[in-house]
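Right, one structure below, let's go through it.
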Amino acid sequence: MAAMGVRDPNYYCGGAGCGGILLVLAVGVVVGGGLAYRHGPHWPYMLLHRHAPGVIIHHSGTGATAGGRIIDADLLDVAHAQRGWAIADARHTYHIGYHYVILPDGTVQRGRPEWMPGAHTAGKNRYLGICLVGNFSSKDNPDGTQKPSRPTAAQLETLASLLKELMKRHGFSPDDVHGHDEFRATECPGDRCPMDRIRLRLAEETSRM
Ligand SMILES: [Zn+2]
């Protein structure tokens with residue numbers, strides 16, 4: 001047995017040699033992960049971000065159409081590109097800051113992949129972002145000129161199924177589903193978006209599962 005203080009590399013692991021190797025390994029993992037994130041494959045980042053802590057709901061703050069164009073994931077991608085937002089995987093550059101968009105007829109569209117951080121709520125972009133198209137704020141859209149002025153029944157149905165699927169996949173609870181305005185002062189997703197009802201329905205339906 002080696003005396004205390006003798007640095008036998010076979011089983012003494014407290015010296016600079018072993019520490020140095022660990023440091024090199026750690027730097028390698030960080031740098032390698034960073035490079036892989038930029039250039040793909042993205043497994044280090046995907047492993048780190050496998051589970052989102054919850055979901056943040058937004059509205060588009062528009063009618064279903066604006067200037068004759070349908071507001072959907074493609075248009076939001078263009079709008080967010082103009083803000084300079086971009087994140088890429090090996091195949092595609094995503095500008096849209098949300099992970100999902102739900103149209104007034106209940107159609108769900110994909111934004112950026114779930115494993116990517118969002119660009120929708122400052123400081124909370126590990127949450128998945130879902131945008132419902134419409135303007136649900138009675139302050140910004142008082143007379144409901146921008147339609148829908150509250151989430152449609154079809155949007156709420158799609159949202160409930162999507163949230164149940166995401167809860168199962170990421171392991172969060174109904175209490176982890178928030179409106180944007182629960183994190184910062186904003187009219188998003190608007191006072192006509194029934195966040196409490198959305199959470200309650202989710203809690204009721206998942207307790208029966
Ligand atoms: Zn928002």
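Residues are named by chain letter and number: chains run A, B, ... in the order of the structure tokens, numbers start at 1 in each chain, and ligands are numbered from 1 in the order shown.
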Q: Name the residues, by chain letter and number, that sit within 8 Å of ligand 1 using only C-alpha atoms and all ligand atoms, and give them as a ChimeraX atom specification.
A: /A:56-60,120-121,131,179-181,186-189
(Q) Please identify the helix (DSSP H, G or I) residues within range 29-177 of chain A (assignment by DSSP from backbone atoms) and present them as a PyMOL selection string. (A) chain A and resi 29-39+43-48+73-82+153-170+174-176
Residues from the last selection, C-alpha atoms, saved as a PDB file, in the first residue's frame:
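Wrote selection.pdb, looks like this:
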ATOM      1  CA  VAL A  29     -17.052  18.446 -23.095  1.00  0.00           C
ATOM      2  CA  VAL A  30     -17.989  22.136 -22.902  1.00  0.00           C
ATOM      3  CA  VAL A  31     -16.151  23.124 -26.084  1.00  0.00           C
ATOM      4  CA  GLY A  32     -17.273  19.968 -27.917  1.00  0.00           C
ATOM      5  CA  GLY A  33     -20.827  20.538 -26.782  1.00  0.00           C
ATOM      6  CA  GLY A  34     -20.708  24.126 -27.950  1.00  0.00           C
ATOM      7  CA  LEU A  35     -19.328  23.155 -31.339  1.00  0.00           C
ATOM      8  CA  ALA A  36     -21.835  20.340 -31.697  1.00  0.00           C
ATOM      9  CA  TYR A  37     -24.611  22.778 -30.797  1.00  0.00           C
ATOM     10  CA  ARG A  38     -23.507  25.140 -33.512  1.00  0.00           C
ATOM     11  CA  HIS A  39     -22.834  22.593 -36.164  1.00  0.00           C
ATOM     12  CA  TRP A  43     -27.079  15.626 -28.575  1.00  0.00           C
ATOM     13  CA  PRO A  44     -25.318  17.471 -25.691  1.00  0.00           C
ATOM     14  CA  TYR A  45     -27.861  20.267 -25.792  1.00  0.00           C
ATOM     15  CA  MET A  46     -30.719  17.862 -26.396  1.00  0.00           C
ATOM     16  CA  LEU A  47     -29.727  15.864 -23.316  1.00  0.00           C
ATOM     17  CA  LEU A  48     -29.571  19.001 -21.181  1.00  0.00           C
ATOM     18  CA  ALA A  73     -46.199  29.929 -37.973  1.00  0.00           C
ATOM     19  CA  ASP A  74     -44.672  30.856 -41.347  1.00  0.00           C
ATOM     20  CA  LEU A  75     -45.571  34.525 -40.981  1.00  0.00           C
ATOM     21  CA  LEU A  76     -44.363  34.607 -37.360  1.00  0.00           C
ATOM     22  CA  ASP A  77     -41.096  33.066 -38.553  1.00  0.00           C
ATOM     23  CA  VAL A  78     -40.665  35.947 -41.008  1.00  0.00           C
ATOM     24  CA  ALA A  79     -41.649  38.523 -38.350  1.00  0.00           C
ATOM     25  CA  HIS A  80     -39.194  37.095 -35.826  1.00  0.00           C
ATOM     26  CA  ALA A  81     -36.441  36.933 -38.467  1.00  0.00           C
ATOM     27  CA  GLN A  82     -36.858  40.702 -38.776  1.00  0.00           C
ATOM     28  CA  ALA A 153     -63.450  26.679 -28.585  1.00  0.00           C
ATOM     29  CA  ALA A 154     -61.354  24.916 -31.234  1.00  0.00           C
ATOM     30  CA  GLN A 155     -58.154  26.622 -29.986  1.00  0.00           C
ATOM     31  CA  LEU A 156     -58.902  25.625 -26.393  1.00  0.00           C
ATOM     32  CA  GLU A 157     -59.579  22.000 -27.415  1.00  0.00           C
ATOM     33  CA  THR A 158     -56.295  21.765 -29.316  1.00  0.00           C
ATOM     34  CA  LEU A 159     -54.450  23.513 -26.499  1.00  0.00           C
ATOM     35  CA  ALA A 160     -55.790  21.037 -23.927  1.00  0.00           C
ATOM     36  CA  SER A 161     -54.683  18.000 -25.963  1.00  0.00           C
ATOM     37  CA  LEU A 162     -51.296  19.530 -26.747  1.00  0.00           C
ATOM     38  CA  LEU A 163     -50.691  20.437 -23.094  1.00  0.00           C
ATOM     39  CA  LYS A 164     -51.582  16.904 -21.963  1.00  0.00           C
ATOM     40  CA  GLU A 165     -49.123  15.461 -24.477  1.00  0.00           C
ATOM     41  CA  LEU A 166     -46.379  17.895 -23.403  1.00  0.00           C
ATOM     42  CA  MET A 167     -47.009  17.249 -19.691  1.00  0.00           C
ATOM     43  CA  LYS A 168     -46.573  13.535 -20.269  1.00  0.00           C
ATOM     44  CA  ARG A 169     -43.406  14.026 -22.334  1.00  0.00           C
ATOM     45  CA  HIS A 170     -41.731  16.617 -20.095  1.00  0.00           C
ATOM     46  CA  PRO A 174     -50.843  21.910 -14.646  1.00  0.00           C
ATOM     47  CA  ASP A 175     -49.459  24.535 -12.239  1.00  0.00           C
ATOM     48  CA  ASP A 176     -46.424  24.869 -14.520  1.00  0.00           C
TER      49      ASP A 176
END
Skipping near chain neighbours, those fewer than 6 positions away, what residues fall within 8 Å of Ser138 in chain A using only C-alpha atoms, listed as a PDB file with N, CA and C atoms, in the first residue's frame?
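Listed below is the output, result-v4.pdb:
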ATOM      1  N   GLY A 144     -63.011  44.363 -29.786  1.00  0.00           N
ATOM      2  CA  GLY A 144     -62.916  43.078 -30.494  1.00  0.00           C
ATOM      3  C   GLY A 144     -62.769  43.206 -31.990  1.00  0.00           C
ATOM      4  N   GLY A 190     -53.366  38.286 -22.626  1.00  0.00           N
ATOM      5  CA  GLY A 190     -54.607  39.059 -22.550  1.00  0.00           C
ATOM      6  C   GLY A 190     -55.558  38.504 -21.508  1.00  0.00           C
ATOM      7  N   ASP A 191     -56.373  39.410 -20.941  1.00  0.00           N
ATOM      8  CA  ASP A 191     -57.283  39.018 -19.859  1.00  0.00           C
ATOM      9  C   ASP A 191     -58.429  38.122 -20.320  1.00  0.00           C
ATOM     10  N   ARG A 192     -58.652  38.038 -21.645  1.00  0.00           N
ATOM     11  CA  ARG A 192     -59.713  37.132 -22.116  1.00  0.00           C
ATOM     12  C   ARG A 192     -59.188  35.714 -22.362  1.00  0.00           C
TER      13      ARG A 192
END
Q.
Run DSSP on the backbone and tell me which residues of range 98-147 of chain A come out as strand (DSSP E); list them as a ChimeraX atom specification.
A. /A:100-102,108-110,128-132
Take the residues that were just selected and, keeping N, CA and C atoms, output them as a short mmCIF file (atom, residue, chain, number, x, y, z; two decimals), in the first residue's frame.
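Produced file part_23.cif, reproduced below:
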data_model
loop_
_atom_site.label_atom_id
_atom_site.label_comp_id
_atom_site.auth_asym_id
_atom_site.auth_seq_id
_atom_site.Cartn_x
_atom_site.Cartn_y
_atom_site.Cartn_z
N TYR A 100 -44.90 26.17 -30.60
CA TYR A 100 -46.15 25.79 -31.28
C TYR A 100 -47.00 27.03 -31.50
N VAL A 101 -47.80 26.97 -32.56
CA VAL A 101 -48.77 28.03 -32.86
C VAL A 101 -50.11 27.34 -33.05
N ILE A 102 -51.17 27.91 -32.46
CA ILE A 102 -52.52 27.33 -32.64
C ILE A 102 -53.41 28.38 -33.32
N VAL A 108 -52.89 23.06 -35.18
CA VAL A 108 -51.64 23.31 -34.47
C VAL A 108 -50.48 23.23 -35.46
N GLN A 109 -49.59 24.19 -35.37
CA GLN A 109 -48.41 24.22 -36.24
C GLN A 109 -47.16 24.20 -35.37
N ARG A 110 -46.12 23.57 -35.90
CA ARG A 110 -44.86 23.53 -35.16
C ARG A 110 -44.05 24.79 -35.40
N LEU A 128 -41.54 25.89 -22.77
CA LEU A 128 -42.03 25.81 -24.13
C LEU A 128 -42.99 26.97 -24.35
N GLY A 129 -42.94 27.57 -25.51
CA GLY A 129 -43.82 28.70 -25.81
C GLY A 129 -44.90 28.29 -26.80
N ILE A 130 -46.16 28.53 -26.42
CA ILE A 130 -47.28 28.25 -27.34
C ILE A 130 -48.00 29.57 -27.62
N CYS A 131 -48.17 29.87 -28.90
CA CYS A 131 -48.83 31.11 -29.28
C CYS A 131 -50.20 30.81 -29.88
N LEU A 132 -51.25 31.39 -29.28
CA LEU A 132 -52.59 31.29 -29.85
C LEU A 132 -52.80 32.54 -30.72
#
